[in-house]
Structures are given as C-alpha cells and as structure tokens.
$ cat start.cif   # mmCIF, N, CA and C atoms
data_final
#
loop_
_atom_site.label_atom_id
_atom_site.label_comp_id
_atom_site.auth_asym_id
_atom_site.auth_seq_id
_atom_site.Cartn_x
_atom_site.Cartn_y
_atom_site.Cartn_z
N MET A 1 125.75 -40.23 -32.07
CA MET A 1 125.63 -40.40 -30.65
C MET A 1 125.22 -39.07 -30.03
N ARG A 2 124.32 -39.12 -29.06
CA ARG A 2 123.88 -37.92 -28.36
C ARG A 2 124.58 -37.87 -26.99
N ILE A 3 125.32 -36.82 -26.77
CA ILE A 3 126.15 -36.69 -25.58
C ILE A 3 125.73 -35.47 -24.77
N LEU A 4 125.57 -35.65 -23.47
CA LEU A 4 125.35 -34.55 -22.55
C LEU A 4 126.63 -34.36 -21.76
N LEU A 5 127.20 -33.17 -21.86
CA LEU A 5 128.46 -32.84 -21.19
C LEU A 5 128.17 -31.85 -20.07
N ILE A 6 128.43 -32.26 -18.83
CA ILE A 6 128.15 -31.43 -17.66
C ILE A 6 129.48 -31.10 -16.98
N ASP A 7 129.85 -29.84 -17.01
CA ASP A 7 131.11 -29.41 -16.39
C ASP A 7 131.03 -27.92 -16.12
N ASP A 8 131.49 -27.49 -14.95
CA ASP A 8 131.45 -26.07 -14.63
C ASP A 8 132.59 -25.29 -15.27
N ASP A 9 133.52 -25.99 -15.91
CA ASP A 9 134.64 -25.34 -16.59
C ASP A 9 134.28 -25.10 -18.06
N HIS A 10 134.11 -23.82 -18.41
CA HIS A 10 133.71 -23.46 -19.77
C HIS A 10 134.68 -24.00 -20.81
N ASP A 11 135.98 -23.92 -20.54
CA ASP A 11 136.98 -24.37 -21.51
C ASP A 11 136.85 -25.87 -21.79
N ILE A 12 136.56 -26.64 -20.77
CA ILE A 12 136.39 -28.09 -20.97
C ILE A 12 135.12 -28.36 -21.78
N ARG A 13 134.02 -27.69 -21.43
CA ARG A 13 132.79 -27.86 -22.21
C ARG A 13 133.04 -27.52 -23.67
N GLN A 14 133.75 -26.43 -23.90
CA GLN A 14 134.02 -25.99 -25.27
C GLN A 14 134.92 -26.97 -26.01
N SER A 15 136.03 -27.35 -25.41
CA SER A 15 137.00 -28.21 -26.12
C SER A 15 136.47 -29.62 -26.32
N VAL A 16 135.91 -30.22 -25.30
CA VAL A 16 135.38 -31.57 -25.43
C VAL A 16 134.16 -31.56 -26.35
N GLY A 17 133.29 -30.57 -26.17
CA GLY A 17 132.11 -30.45 -27.04
C GLY A 17 132.50 -30.29 -28.50
N ASP A 18 133.43 -29.40 -28.78
CA ASP A 18 133.89 -29.19 -30.16
C ASP A 18 134.50 -30.45 -30.75
N TYR A 19 135.28 -31.15 -29.93
CA TYR A 19 135.95 -32.38 -30.38
C TYR A 19 134.93 -33.41 -30.86
N PHE A 20 133.93 -33.67 -30.05
CA PHE A 20 132.95 -34.70 -30.42
C PHE A 20 131.95 -34.20 -31.46
N GLU A 21 131.65 -32.93 -31.45
CA GLU A 21 130.77 -32.38 -32.47
C GLU A 21 131.43 -32.49 -33.85
N ALA A 22 132.74 -32.25 -33.91
CA ALA A 22 133.47 -32.37 -35.17
C ALA A 22 133.47 -33.80 -35.69
N ARG A 23 133.21 -34.75 -34.82
CA ARG A 23 133.16 -36.16 -35.21
C ARG A 23 131.73 -36.63 -35.45
N GLY A 24 130.80 -35.68 -35.55
CA GLY A 24 129.44 -36.00 -35.95
C GLY A 24 128.47 -36.30 -34.82
N HIS A 25 128.87 -36.09 -33.59
CA HIS A 25 127.99 -36.36 -32.46
C HIS A 25 127.16 -35.13 -32.12
N ILE A 26 126.02 -35.35 -31.50
CA ILE A 26 125.15 -34.26 -31.07
C ILE A 26 125.48 -33.97 -29.61
N ILE A 27 125.91 -32.74 -29.34
CA ILE A 27 126.39 -32.37 -28.02
C ILE A 27 125.42 -31.38 -27.37
N THR A 28 125.07 -31.65 -26.12
CA THR A 28 124.36 -30.70 -25.28
C THR A 28 125.28 -30.43 -24.10
N CYS A 29 125.51 -29.18 -23.78
CA CYS A 29 126.39 -28.82 -22.67
C CYS A 29 125.60 -28.17 -21.55
N ALA A 30 126.05 -28.42 -20.33
CA ALA A 30 125.43 -27.82 -19.15
C ALA A 30 126.55 -27.39 -18.20
N PRO A 31 126.41 -26.19 -17.60
CA PRO A 31 127.47 -25.67 -16.75
C PRO A 31 127.44 -26.16 -15.29
N ASN A 32 126.41 -26.91 -14.93
CA ASN A 32 126.32 -27.42 -13.56
C ASN A 32 125.35 -28.59 -13.50
N GLY A 33 125.27 -29.22 -12.34
CA GLY A 33 124.42 -30.39 -12.19
C GLY A 33 122.95 -30.12 -12.40
N GLU A 34 122.47 -29.00 -11.89
CA GLU A 34 121.05 -28.66 -12.05
C GLU A 34 120.69 -28.53 -13.53
N ALA A 35 121.51 -27.78 -14.25
CA ALA A 35 121.25 -27.58 -15.68
C ALA A 35 121.39 -28.90 -16.45
N GLY A 36 122.32 -29.73 -16.02
CA GLY A 36 122.49 -31.03 -16.67
C GLY A 36 121.28 -31.92 -16.50
N LEU A 37 120.73 -31.96 -15.30
CA LEU A 37 119.54 -32.78 -15.06
C LEU A 37 118.34 -32.23 -15.83
N SER A 38 118.23 -30.91 -15.93
CA SER A 38 117.16 -30.31 -16.72
C SER A 38 117.32 -30.67 -18.20
N ALA A 39 118.56 -30.63 -18.69
CA ALA A 39 118.82 -30.98 -20.09
C ALA A 39 118.46 -32.44 -20.35
N LEU A 40 118.71 -33.30 -19.38
CA LEU A 40 118.36 -34.71 -19.53
C LEU A 40 116.85 -34.90 -19.63
N ASP A 41 116.09 -34.05 -18.93
CA ASP A 41 114.64 -34.11 -19.04
C ASP A 41 114.15 -33.67 -20.42
N GLU A 42 114.90 -32.78 -21.06
CA GLU A 42 114.49 -32.22 -22.35
C GLU A 42 115.03 -32.97 -23.56
N HIS A 43 116.16 -33.65 -23.40
CA HIS A 43 116.82 -34.29 -24.53
C HIS A 43 117.09 -35.76 -24.23
N SER A 44 116.94 -36.58 -25.24
CA SER A 44 117.34 -37.97 -25.13
C SER A 44 118.84 -38.04 -25.37
N VAL A 45 119.57 -38.69 -24.47
CA VAL A 45 121.02 -38.80 -24.64
C VAL A 45 121.46 -40.24 -24.50
N ASP A 46 122.58 -40.55 -25.15
CA ASP A 46 123.16 -41.89 -25.05
C ASP A 46 124.17 -41.97 -23.92
N ILE A 47 124.97 -40.91 -23.80
CA ILE A 47 126.05 -40.90 -22.81
C ILE A 47 126.09 -39.54 -22.14
N VAL A 48 126.33 -39.55 -20.83
CA VAL A 48 126.57 -38.32 -20.08
C VAL A 48 128.02 -38.34 -19.63
N ILE A 49 128.70 -37.23 -19.86
CA ILE A 49 130.05 -37.03 -19.32
C ILE A 49 129.89 -35.94 -18.27
N SER A 50 130.18 -36.27 -17.01
CA SER A 50 129.94 -35.31 -15.93
C SER A 50 131.16 -35.14 -15.05
N ASP A 51 131.44 -33.88 -14.74
CA ASP A 51 132.45 -33.56 -13.74
C ASP A 51 131.90 -33.98 -12.38
N ILE A 52 132.77 -34.21 -11.43
CA ILE A 52 132.33 -34.54 -10.08
C ILE A 52 132.23 -33.28 -9.23
N GLN A 53 133.29 -32.49 -9.21
CA GLN A 53 133.33 -31.30 -8.36
C GLN A 53 132.69 -30.12 -9.08
N MET A 54 131.45 -29.81 -8.68
CA MET A 54 130.73 -28.68 -9.24
C MET A 54 129.95 -28.00 -8.12
N PRO A 55 129.73 -26.69 -8.24
CA PRO A 55 128.90 -26.03 -7.24
C PRO A 55 127.45 -26.53 -7.32
N GLY A 56 126.76 -26.52 -6.19
CA GLY A 56 125.38 -27.01 -6.17
C GLY A 56 125.37 -28.53 -6.17
N ILE A 57 124.65 -29.10 -7.10
CA ILE A 57 124.57 -30.56 -7.21
C ILE A 57 125.89 -31.07 -7.79
N ASP A 58 126.58 -31.91 -7.03
CA ASP A 58 127.85 -32.44 -7.53
C ASP A 58 127.62 -33.63 -8.46
N GLY A 59 128.70 -34.12 -9.03
CA GLY A 59 128.60 -35.21 -10.00
C GLY A 59 128.04 -36.50 -9.44
N PHE A 60 128.29 -36.78 -8.17
CA PHE A 60 127.74 -38.00 -7.58
C PHE A 60 126.22 -37.93 -7.51
N GLU A 61 125.69 -36.76 -7.14
CA GLU A 61 124.24 -36.59 -7.11
C GLU A 61 123.66 -36.65 -8.52
N VAL A 62 124.37 -36.05 -9.48
CA VAL A 62 123.95 -36.11 -10.88
C VAL A 62 123.87 -37.57 -11.32
N LEU A 63 124.90 -38.34 -11.02
CA LEU A 63 124.93 -39.76 -11.38
C LEU A 63 123.75 -40.50 -10.76
N GLU A 64 123.50 -40.26 -9.49
CA GLU A 64 122.39 -40.93 -8.81
C GLU A 64 121.05 -40.59 -9.47
N GLN A 65 120.84 -39.32 -9.79
CA GLN A 65 119.58 -38.90 -10.41
C GLN A 65 119.44 -39.46 -11.82
N ILE A 66 120.53 -39.51 -12.57
CA ILE A 66 120.47 -40.07 -13.92
C ILE A 66 120.09 -41.54 -13.86
N LYS A 67 120.67 -42.27 -12.95
CA LYS A 67 120.38 -43.70 -12.84
C LYS A 67 118.93 -43.94 -12.43
N LYS A 68 118.32 -43.00 -11.70
CA LYS A 68 116.91 -43.11 -11.35
C LYS A 68 116.02 -42.75 -12.54
N LYS A 69 116.34 -41.64 -13.21
CA LYS A 69 115.52 -41.13 -14.31
C LYS A 69 115.68 -41.92 -15.60
N SER A 70 116.89 -42.32 -15.87
CA SER A 70 117.20 -42.93 -17.16
C SER A 70 118.25 -44.02 -16.97
N PRO A 71 117.85 -45.17 -16.41
CA PRO A 71 118.82 -46.20 -16.03
C PRO A 71 119.69 -46.73 -17.17
N ASN A 72 119.22 -46.61 -18.40
CA ASN A 72 120.02 -47.11 -19.52
C ASN A 72 121.00 -46.08 -20.08
N THR A 73 120.96 -44.86 -19.56
CA THR A 73 121.92 -43.85 -19.98
C THR A 73 123.23 -44.10 -19.25
N GLU A 74 124.29 -44.23 -20.00
CA GLU A 74 125.60 -44.49 -19.40
C GLU A 74 126.26 -43.17 -19.02
N VAL A 75 127.01 -43.21 -17.91
CA VAL A 75 127.64 -42.00 -17.38
C VAL A 75 129.14 -42.24 -17.24
N ILE A 76 129.89 -41.29 -17.76
CA ILE A 76 131.34 -41.27 -17.59
C ILE A 76 131.66 -40.11 -16.67
N MET A 77 132.36 -40.38 -15.58
CA MET A 77 132.68 -39.35 -14.60
C MET A 77 134.10 -38.83 -14.83
N VAL A 78 134.26 -37.52 -14.62
CA VAL A 78 135.54 -36.86 -14.80
C VAL A 78 135.79 -35.96 -13.59
N THR A 79 137.04 -35.92 -13.12
CA THR A 79 137.34 -35.04 -12.00
C THR A 79 138.77 -34.53 -12.08
N GLY A 80 138.95 -33.34 -11.55
CA GLY A 80 140.28 -32.76 -11.44
C GLY A 80 140.95 -33.18 -10.14
N PHE A 81 140.19 -33.83 -9.29
CA PHE A 81 140.69 -34.24 -7.98
C PHE A 81 140.60 -35.75 -7.85
N GLY A 82 141.25 -36.44 -8.75
CA GLY A 82 141.11 -37.89 -8.81
C GLY A 82 141.78 -38.60 -7.66
N ASP A 83 141.05 -39.48 -7.05
CA ASP A 83 141.60 -40.37 -6.05
C ASP A 83 140.87 -41.70 -6.15
N ILE A 84 141.43 -42.70 -5.56
CA ILE A 84 140.86 -44.04 -5.63
C ILE A 84 139.46 -44.08 -5.04
N ASP A 85 139.25 -43.40 -3.91
CA ASP A 85 137.94 -43.43 -3.25
C ASP A 85 136.84 -42.87 -4.16
N SER A 86 137.14 -41.77 -4.85
CA SER A 86 136.15 -41.19 -5.77
C SER A 86 135.84 -42.13 -6.92
N ALA A 87 136.88 -42.76 -7.45
CA ALA A 87 136.68 -43.69 -8.56
C ALA A 87 135.83 -44.87 -8.13
N VAL A 88 136.13 -45.42 -6.97
CA VAL A 88 135.37 -46.57 -6.47
C VAL A 88 133.92 -46.16 -6.21
N LYS A 89 133.72 -45.00 -5.60
CA LYS A 89 132.35 -44.53 -5.32
C LYS A 89 131.57 -44.35 -6.61
N ALA A 90 132.20 -43.73 -7.61
CA ALA A 90 131.52 -43.51 -8.89
C ALA A 90 131.12 -44.83 -9.54
N MET A 91 132.02 -45.79 -9.54
CA MET A 91 131.72 -47.08 -10.18
C MET A 91 130.63 -47.83 -9.41
N ARG A 92 130.67 -47.75 -8.09
CA ARG A 92 129.63 -48.41 -7.29
C ARG A 92 128.25 -47.79 -7.52
N GLN A 93 128.23 -46.50 -7.81
CA GLN A 93 126.95 -45.82 -8.06
C GLN A 93 126.47 -46.03 -9.48
N GLY A 94 127.26 -46.70 -10.31
CA GLY A 94 126.79 -47.02 -11.65
C GLY A 94 127.48 -46.32 -12.78
N ALA A 95 128.56 -45.58 -12.50
CA ALA A 95 129.30 -44.94 -13.59
C ALA A 95 129.92 -46.01 -14.47
N PHE A 96 129.96 -45.74 -15.77
CA PHE A 96 130.55 -46.69 -16.69
C PHE A 96 132.07 -46.58 -16.67
N ASP A 97 132.57 -45.37 -16.48
CA ASP A 97 134.01 -45.15 -16.49
C ASP A 97 134.33 -43.91 -15.68
N PHE A 98 135.61 -43.71 -15.40
CA PHE A 98 136.07 -42.63 -14.53
C PHE A 98 137.41 -42.13 -15.06
N PHE A 99 137.54 -40.80 -15.22
CA PHE A 99 138.79 -40.22 -15.70
C PHE A 99 139.17 -39.01 -14.85
N THR A 100 140.46 -38.74 -14.80
CA THR A 100 140.94 -37.53 -14.14
C THR A 100 141.32 -36.50 -15.20
N LYS A 101 141.23 -35.25 -14.80
CA LYS A 101 141.65 -34.16 -15.67
C LYS A 101 143.15 -33.98 -15.52
N PRO A 102 143.85 -33.56 -16.52
CA PRO A 102 143.34 -33.16 -17.83
C PRO A 102 142.86 -34.37 -18.63
N ILE A 103 141.78 -34.15 -19.35
CA ILE A 103 141.16 -35.22 -20.11
C ILE A 103 142.01 -35.58 -21.32
N LYS A 104 142.27 -36.85 -21.47
CA LYS A 104 142.97 -37.34 -22.66
C LYS A 104 141.90 -37.80 -23.64
N MET A 105 141.74 -37.07 -24.71
CA MET A 105 140.63 -37.30 -25.64
C MET A 105 140.67 -38.71 -26.24
N ARG A 106 141.84 -39.24 -26.47
CA ARG A 106 141.94 -40.59 -27.03
C ARG A 106 141.34 -41.61 -26.06
N GLU A 107 141.64 -41.46 -24.76
CA GLU A 107 141.09 -42.37 -23.76
C GLU A 107 139.59 -42.19 -23.60
N LEU A 108 139.13 -40.94 -23.61
CA LEU A 108 137.70 -40.68 -23.49
C LEU A 108 136.94 -41.23 -24.69
N THR A 109 137.51 -41.07 -25.87
CA THR A 109 136.89 -41.60 -27.09
C THR A 109 136.80 -43.12 -27.01
N ALA A 110 137.87 -43.78 -26.57
CA ALA A 110 137.85 -45.24 -26.44
C ALA A 110 136.80 -45.67 -25.42
N SER A 111 136.68 -44.93 -24.33
CA SER A 111 135.67 -45.26 -23.32
C SER A 111 134.26 -45.11 -23.89
N MET A 112 134.04 -44.07 -24.67
CA MET A 112 132.72 -43.87 -25.27
C MET A 112 132.40 -44.98 -26.25
N GLU A 113 133.39 -45.44 -27.00
CA GLU A 113 133.15 -46.55 -27.92
C GLU A 113 132.81 -47.83 -27.15
N ARG A 114 133.50 -48.07 -26.04
CA ARG A 114 133.16 -49.24 -25.19
C ARG A 114 131.76 -49.10 -24.63
N THR A 115 131.42 -47.88 -24.23
CA THR A 115 130.10 -47.61 -23.68
C THR A 115 129.02 -47.92 -24.70
N LEU A 116 129.22 -47.49 -25.93
CA LEU A 116 128.24 -47.75 -26.98
C LEU A 116 128.11 -49.24 -27.28
N ARG A 117 129.24 -49.95 -27.30
CA ARG A 117 129.18 -51.41 -27.53
C ARG A 117 128.41 -52.09 -26.39
N PHE A 118 128.67 -51.67 -25.16
CA PHE A 118 127.96 -52.21 -24.01
C PHE A 118 126.47 -51.93 -24.11
N HIS A 119 126.14 -50.71 -24.48
CA HIS A 119 124.73 -50.32 -24.64
C HIS A 119 124.05 -51.17 -25.71
N ALA A 120 124.72 -51.37 -26.83
CA ALA A 120 124.16 -52.19 -27.92
C ALA A 120 123.97 -53.64 -27.46
N LEU A 121 124.92 -54.17 -26.72
CA LEU A 121 124.79 -55.54 -26.20
C LEU A 121 123.62 -55.66 -25.22
N ARG A 122 123.45 -54.64 -24.39
CA ARG A 122 122.33 -54.67 -23.44
C ARG A 122 121.00 -54.65 -24.19
N GLN A 123 120.89 -53.82 -25.24
CA GLN A 123 119.67 -53.78 -26.03
C GLN A 123 119.41 -55.12 -26.72
N GLU A 124 120.46 -55.73 -27.24
CA GLU A 124 120.31 -57.04 -27.89
C GLU A 124 119.86 -58.09 -26.88
N LYS A 125 120.40 -58.04 -25.67
CA LYS A 125 119.99 -58.97 -24.61
C LYS A 125 118.50 -58.78 -24.29
N GLU A 126 118.06 -57.51 -24.18
CA GLU A 126 116.66 -57.24 -23.88
C GLU A 126 115.75 -57.76 -25.00
N ARG A 127 116.17 -57.59 -26.26
CA ARG A 127 115.38 -58.10 -27.38
C ARG A 127 115.30 -59.62 -27.34
N ALA A 128 116.42 -60.26 -27.02
CA ALA A 128 116.43 -61.72 -26.94
C ALA A 128 115.54 -62.21 -25.80
N GLU A 129 115.56 -61.52 -24.68
CA GLU A 129 114.70 -61.91 -23.55
C GLU A 129 113.23 -61.76 -23.90
N LEU A 130 112.88 -60.69 -24.61
CA LEU A 130 111.49 -60.51 -25.04
C LEU A 130 111.06 -61.61 -26.00
N ALA A 131 111.94 -61.95 -26.93
CA ALA A 131 111.62 -63.02 -27.88
C ALA A 131 111.45 -64.34 -27.14
N LEU A 132 112.30 -64.62 -26.18
CA LEU A 132 112.20 -65.85 -25.40
C LEU A 132 110.89 -65.87 -24.60
N ASP A 133 110.52 -64.73 -24.02
CA ASP A 133 109.26 -64.66 -23.28
C ASP A 133 108.07 -64.94 -24.19
N ARG A 134 108.10 -64.42 -25.42
CA ARG A 134 107.01 -64.66 -26.38
C ARG A 134 106.92 -66.14 -26.74
N ILE A 135 108.05 -66.76 -26.91
CA ILE A 135 108.09 -68.19 -27.24
C ILE A 135 107.51 -68.99 -26.07
N LYS A 136 107.90 -68.64 -24.86
CA LYS A 136 107.38 -69.34 -23.67
C LYS A 136 105.87 -69.15 -23.55
N ASP A 137 105.40 -67.92 -23.79
CA ASP A 137 103.95 -67.65 -23.72
C ASP A 137 103.21 -68.45 -24.78
N ALA A 138 103.74 -68.51 -25.98
CA ALA A 138 103.09 -69.27 -27.04
C ALA A 138 103.06 -70.75 -26.70
N GLY A 139 104.11 -71.26 -26.07
CA GLY A 139 104.14 -72.65 -25.66
C GLY A 139 103.12 -72.97 -24.59
N ARG A 140 102.88 -72.05 -23.70
CA ARG A 140 101.91 -72.26 -22.61
C ARG A 140 100.48 -72.29 -23.15
N ARG A 141 100.24 -71.55 -24.22
CA ARG A 141 98.90 -71.48 -24.78
C ARG A 141 98.57 -72.72 -25.62
N SER A 142 99.61 -73.42 -26.03
CA SER A 142 99.37 -74.59 -26.91
C SER A 142 98.82 -75.75 -26.15
#
$ encode --input "start.cif" --output "structure tokens"
Amino acid sequence: MRILLIDDDHDIRQSVGDYFEARGHIITCAPNGEAGLSALDEHSVDIVISDIQMPGIDGFEVLEQIKKKSPNTEVIMVTGFGDIDSAVKAMRQGAFDFFTKPIKMRELTASMERTLRFHALRQEKERAELALDRIKDAGRRS
C-alpha cells in the first residue's frame, strides 16, 4: 500500500511512518498541506492520512484538493483538537475516517484495512459496470 502522511508534527510523521513502513507499506511524508499536495502530484498513493490543524493549507483544504485531483484516493483525517463538528465536516467533505490524537495504531490500521477493502470493492464495481456497458453495446449492434 502507498501511503501519504501529512502532519506538521515530526514525531507523528516519524512514528506512524516507521510503523507502516515496517509492515511493508511505501510511505511518503509531508510536513504541511502544500508539501502534501505536491507529493500527491509526484506520487501515486492509495491512502492519505492528514492532520487537520496545520499552518498554511489546513487538512480540510487538503481533503478538498485531493478529492478534486484524485477522487479515488481515500483520506483519513487526524486531529489533536477533535470535536464532533470537525468530524462531521471531514466526513461530509469525503474523508473515509476521522481520528483524534494521540493516534491509536491498532484503530488506524483497522481503518486502513477497511479503506483498502472499500477501494477494492469500488474497483470491482467499476469493472462490472464496464463489462455491463460492453454487453449492452454488443446487444444494440446485433
């Protein structure tokens, strides 16, 4: 799995990055929203884990830009200032999941596994729709 981790806290980037890298994932880290969006332009990623509170472009703007640039990339939002309003806003903007700091790696790992299953199901749905469209087209030509 290719993961983009965007957080202005060096210790979080290091610990979360090391954790997933040790499990065989490819990690790209960015210290802020601007760098994260640039990294997304340069690297193909499956999942983005982004902090909300960052200087410059915050996590909500990052989420909005990711959904425009790469709608199939799933985003997990993380914040040290968790409240219901932030969680609801993140989910409405298209976040797959939302966590508060301190990050519980077991929960984040479970969320990433759900995200990957969801992504695989979406790809399978798209393949099935394409196959159905081909069948319909072939029927129209007959």
$ residues_around --input "start.cif" --residues "A:Val45" --least-positions-apart "3" --cutoff "8 Å" --atoms "only C-alpha atoms" --output "PyMOL selection string"
chain A and resi 1-4+40+48+73
$ write_last_selection --input "start.cif" --atoms "N, CA and C atoms" --output "compact mmCIF listing (two decimals), keeping the file's coordinate frame"
# COMPACT_ATOMS: atom_id res chain seq x y z
N MET A 1 125.75 -40.23 -32.07
CA MET A 1 125.63 -40.40 -30.65
C MET A 1 125.22 -39.07 -30.03
N ARG A 2 124.32 -39.12 -29.06
CA ARG A 2 123.88 -37.92 -28.36
C ARG A 2 124.58 -37.87 -26.99
N ILE A 3 125.32 -36.82 -26.77
CA ILE A 3 126.15 -36.69 -25.58
C ILE A 3 125.73 -35.47 -24.77
N LEU A 4 125.57 -35.65 -23.47
CA LEU A 4 125.35 -34.55 -22.55
C LEU A 4 126.63 -34.36 -21.76
N LEU A 40 118.71 -33.30 -19.38
CA LEU A 40 118.36 -34.71 -19.53
C LEU A 40 116.85 -34.90 -19.63
N VAL A 48 126.33 -39.55 -20.83
CA VAL A 48 126.57 -38.32 -20.08
C VAL A 48 128.02 -38.34 -19.63
N THR A 73 120.96 -44.86 -19.56
CA THR A 73 121.92 -43.85 -19.98
C THR A 73 123.23 -44.10 -19.25
$ atom_distance --input "start.cif" --atom1 "atom N of A:Glu113" --atom2 "atom N of A:Asp8"
21.7 Å
$ closest_residue --input "start.cif" --among "A:Ala120, A:Ala138, A:Ala128, A:Ile52" --to "A:Gly80" --atoms "only C-alpha atoms"
A:Ile52
$ atom_distance --input "start.cif" --atom1 "atom N of A:Ala95" --atom2 "atom C of A:Ser50"
11.1 Å
$ atom_distance --input "start.cif" --atom1 "atom N of A:Ile103" --atom2 "atom CA of A:Gly17"
12.9 Å
$ select_by_dssp --input "start.cif" --residues "stretch 47-111 of chain A" --states "helix (DSSP H, G or I)" --output "ChimeraX atom specification"
/A:59-69,84-92,105-111
$ closest_residue --input "start.cif" --among "A:Asp51, A:Asp85, A:Asp46, A:Asp133" --to "A:Leu116" --atoms "all atoms listed in the file"
A:Asp46
$ resolve_selection --input "start.cif" --expression "the PyMOL selection byres ((chain A and resi 9-12) around 8)" --output "CSV table (one decimal) with N, CA and C atoms, keeping the file's coordinate frame"
chain,number,residue,atom,x,y,z
A,5,LEU,N,127.2,-33.2,-21.9
A,5,LEU,CA,128.5,-32.8,-21.2
A,5,LEU,C,128.2,-31.8,-20.1
A,6,ILE,N,128.4,-32.3,-18.8
A,6,ILE,CA,128.2,-31.4,-17.7
A,6,ILE,C,129.5,-31.1,-17.0
A,7,ASP,N,129.8,-29.8,-17.0
A,7,ASP,CA,131.1,-29.4,-16.4
A,7,ASP,C,131.0,-27.9,-16.1
A,8,ASP,N,131.5,-27.5,-15.0
A,8,ASP,CA,131.4,-26.1,-14.6
A,8,ASP,C,132.6,-25.3,-15.3
A,13,ARG,N,134.0,-27.7,-21.4
A,13,ARG,CA,132.8,-27.9,-22.2
A,13,ARG,C,133.0,-27.5,-23.7
A,14,GLN,N,133.8,-26.4,-23.9
A,14,GLN,CA,134.0,-26.0,-25.3
A,14,GLN,C,134.9,-27.0,-26.0
A,15,SER,N,136.0,-27.4,-25.4
A,15,SER,CA,137.0,-28.2,-26.1
A,15,SER,C,136.5,-29.6,-26.3
A,16,VAL,N,135.9,-30.2,-25.3
A,16,VAL,CA,135.4,-31.6,-25.4
A,16,VAL,C,134.2,-31.6,-26.4
A,17,GLY,N,133.3,-30.6,-26.2
A,17,GLY,CA,132.1,-30.4,-27.0
A,17,GLY,C,132.5,-30.3,-28.5
A,18,ASP,N,133.4,-29.4,-28.8
A,18,ASP,CA,133.9,-29.2,-30.2
A,18,ASP,C,134.5,-30.4,-30.8
A,30,ALA,N,126.0,-28.4,-20.3
A,30,ALA,CA,125.4,-27.8,-19.2
A,30,ALA,C,126.6,-27.4,-18.2
A,31,PRO,N,126.4,-26.2,-17.6
A,31,PRO,CA,127.5,-25.7,-16.8
A,31,PRO,C,127.4,-26.2,-15.3
A,32,ASN,N,126.4,-26.9,-14.9
A,32,ASN,CA,126.3,-27.4,-13.6
A,32,ASN,C,125.4,-28.6,-13.5
A,51,ASP,N,131.4,-33.9,-14.7
A,51,ASP,CA,132.4,-33.6,-13.7
A,51,ASP,C,131.9,-34.0,-12.4
A,54,MET,N,131.4,-29.8,-8.7
A,54,MET,CA,130.7,-28.7,-9.2
A,54,MET,C,130.0,-28.0,-8.1
$ resolve_selection --input "start.cif" --expression "the PyMOL selection byres (((chain A and resi 75 and name CA) around 9) and name CA)" --output "list of chain:residue names"
A:Asp46, A:Ile47, A:Val48, A:Ile49, A:Ser50, A:Leu63, A:Ile66, A:Lys67, A:Thr73, A:Glu74, A:Ile76, A:Met77, A:Gly94, A:Ala95, A:Phe96, A:Asp97, A:Phe98, A:Thr115
$ residues_around --input "start.cif" --residues "A:Thr79" --least-positions-apart "3" --cutoff "5 Å" --atoms "only N, CA and C atoms" --output "list in words"
Ile52, Gly82, Phe99, Thr100 and Lys101 of chain A
$ write_last_selection --input "start.cif" --atoms "N, CA and C atoms" --output "mmCIF file, keeping the file's coordinate frame"
data_model
loop_
_atom_site.group_PDB
_atom_site.id
_atom_site.type_symbol
_atom_site.label_atom_id
_atom_site.label_comp_id
_atom_site.auth_asym_id
_atom_site.auth_seq_id
_atom_site.Cartn_x
_atom_site.Cartn_y
_atom_site.Cartn_z
ATOM 1 N N ILE A 52 132.770 -34.210 -11.430
ATOM 2 C CA ILE A 52 132.330 -34.540 -10.080
ATOM 3 C C ILE A 52 132.230 -33.280 -9.230
ATOM 4 N N GLY A 82 141.250 -36.440 -8.750
ATOM 5 C CA GLY A 82 141.110 -37.890 -8.810
ATOM 6 C C GLY A 82 141.780 -38.600 -7.660
ATOM 7 N N PHE A 99 137.540 -40.800 -15.220
ATOM 8 C CA PHE A 99 138.790 -40.220 -15.700
ATOM 9 C C PHE A 99 139.170 -39.010 -14.850
ATOM 10 N N THR A 100 140.460 -38.740 -14.800
ATOM 11 C CA THR A 100 140.940 -37.530 -14.140
ATOM 12 C C THR A 100 141.320 -36.500 -15.200
ATOM 13 N N LYS A 101 141.230 -35.250 -14.800
ATOM 14 C CA LYS A 101 141.650 -34.160 -15.670
ATOM 15 C C LYS A 101 143.150 -33.980 -15.520
#
$ select_by_dssp --input "start.cif" --residues "chain A" --states "strand (DSSP E or B)" --output "list in words"
Arg2, Ile3, Leu4, Leu5, Ile6, Ile26, Ile27, Thr28, Cys29, Ala30, Ile47, Val48, Ile49, Ser50, Asp51, Glu74, Val75, Ile76, Met77, Val78, Thr79, Asp97, Phe98, Phe99 and Thr100 of chain A
$ closest_residue --input "start.cif" --among "A:Gln93, A:Lys125, A:Leu130, A:Ile135" --to "A:Glu64" --atoms "all atoms listed in the file"
A:Gln93
$ closest_residue --input "start.cif" --among "A:Ile26, A:Ala110, A:Ser70, A:Gly59" --to "A:Ser86" --atoms "only C-alpha atoms"
A:Gly59
$ resolve_selection --input "start.cif" --expression "the PyMOL selection byres ((chain A and resi 56) around 7)" --output "PyMOL selection string"
chain A and resi 33-34+54-55+57-58
$ closest_residue --input "start.cif" --among "A:Gln65, A:Gln53, A:Ser44, A:Thr28" --to "A:Phe81" --atoms "only N, CA and C atoms"
A:Gln53
$ decode --input "start.cif" --residues "stretch 83-96 of chain A" --atoms "C-alpha atoms" --output "PDB file, in the first residue's frame"
ATOM      1  CA  ASP A  83     -14.779  17.654  18.175  1.00  0.00           C
ATOM      2  CA  ILE A  84     -17.998  16.454  16.624  1.00  0.00           C
ATOM      3  CA  ASP A  85     -18.223  19.412  14.219  1.00  0.00           C
ATOM      4  CA  SER A  86     -14.784  18.688  12.751  1.00  0.00           C
ATOM      5  CA  ALA A  87     -15.583  15.012  12.349  1.00  0.00           C
ATOM      6  CA  VAL A  88     -18.883  15.746  10.628  1.00  0.00           C
ATOM      7  CA  LYS A  89     -17.265  18.337   8.339  1.00  0.00           C
ATOM      8  CA  ALA A  90     -14.478  15.928   7.382  1.00  0.00           C
ATOM      9  CA  MET A  91     -16.895  13.117   6.571  1.00  0.00           C
ATOM     10  CA  ARG A  92     -19.162  15.420   4.560  1.00  0.00           C
ATOM     11  CA  GLN A  93     -16.161  16.552   2.514  1.00  0.00           C
ATOM     12  CA  GLY A  94     -15.357  12.950   1.664  1.00  0.00           C
ATOM     13  CA  ALA A  95     -12.990  11.709   4.363  1.00  0.00           C
ATOM     14  CA  PHE A  96     -13.114   7.962   4.807  1.00  0.00           C
TER      15      PHE A  96
END
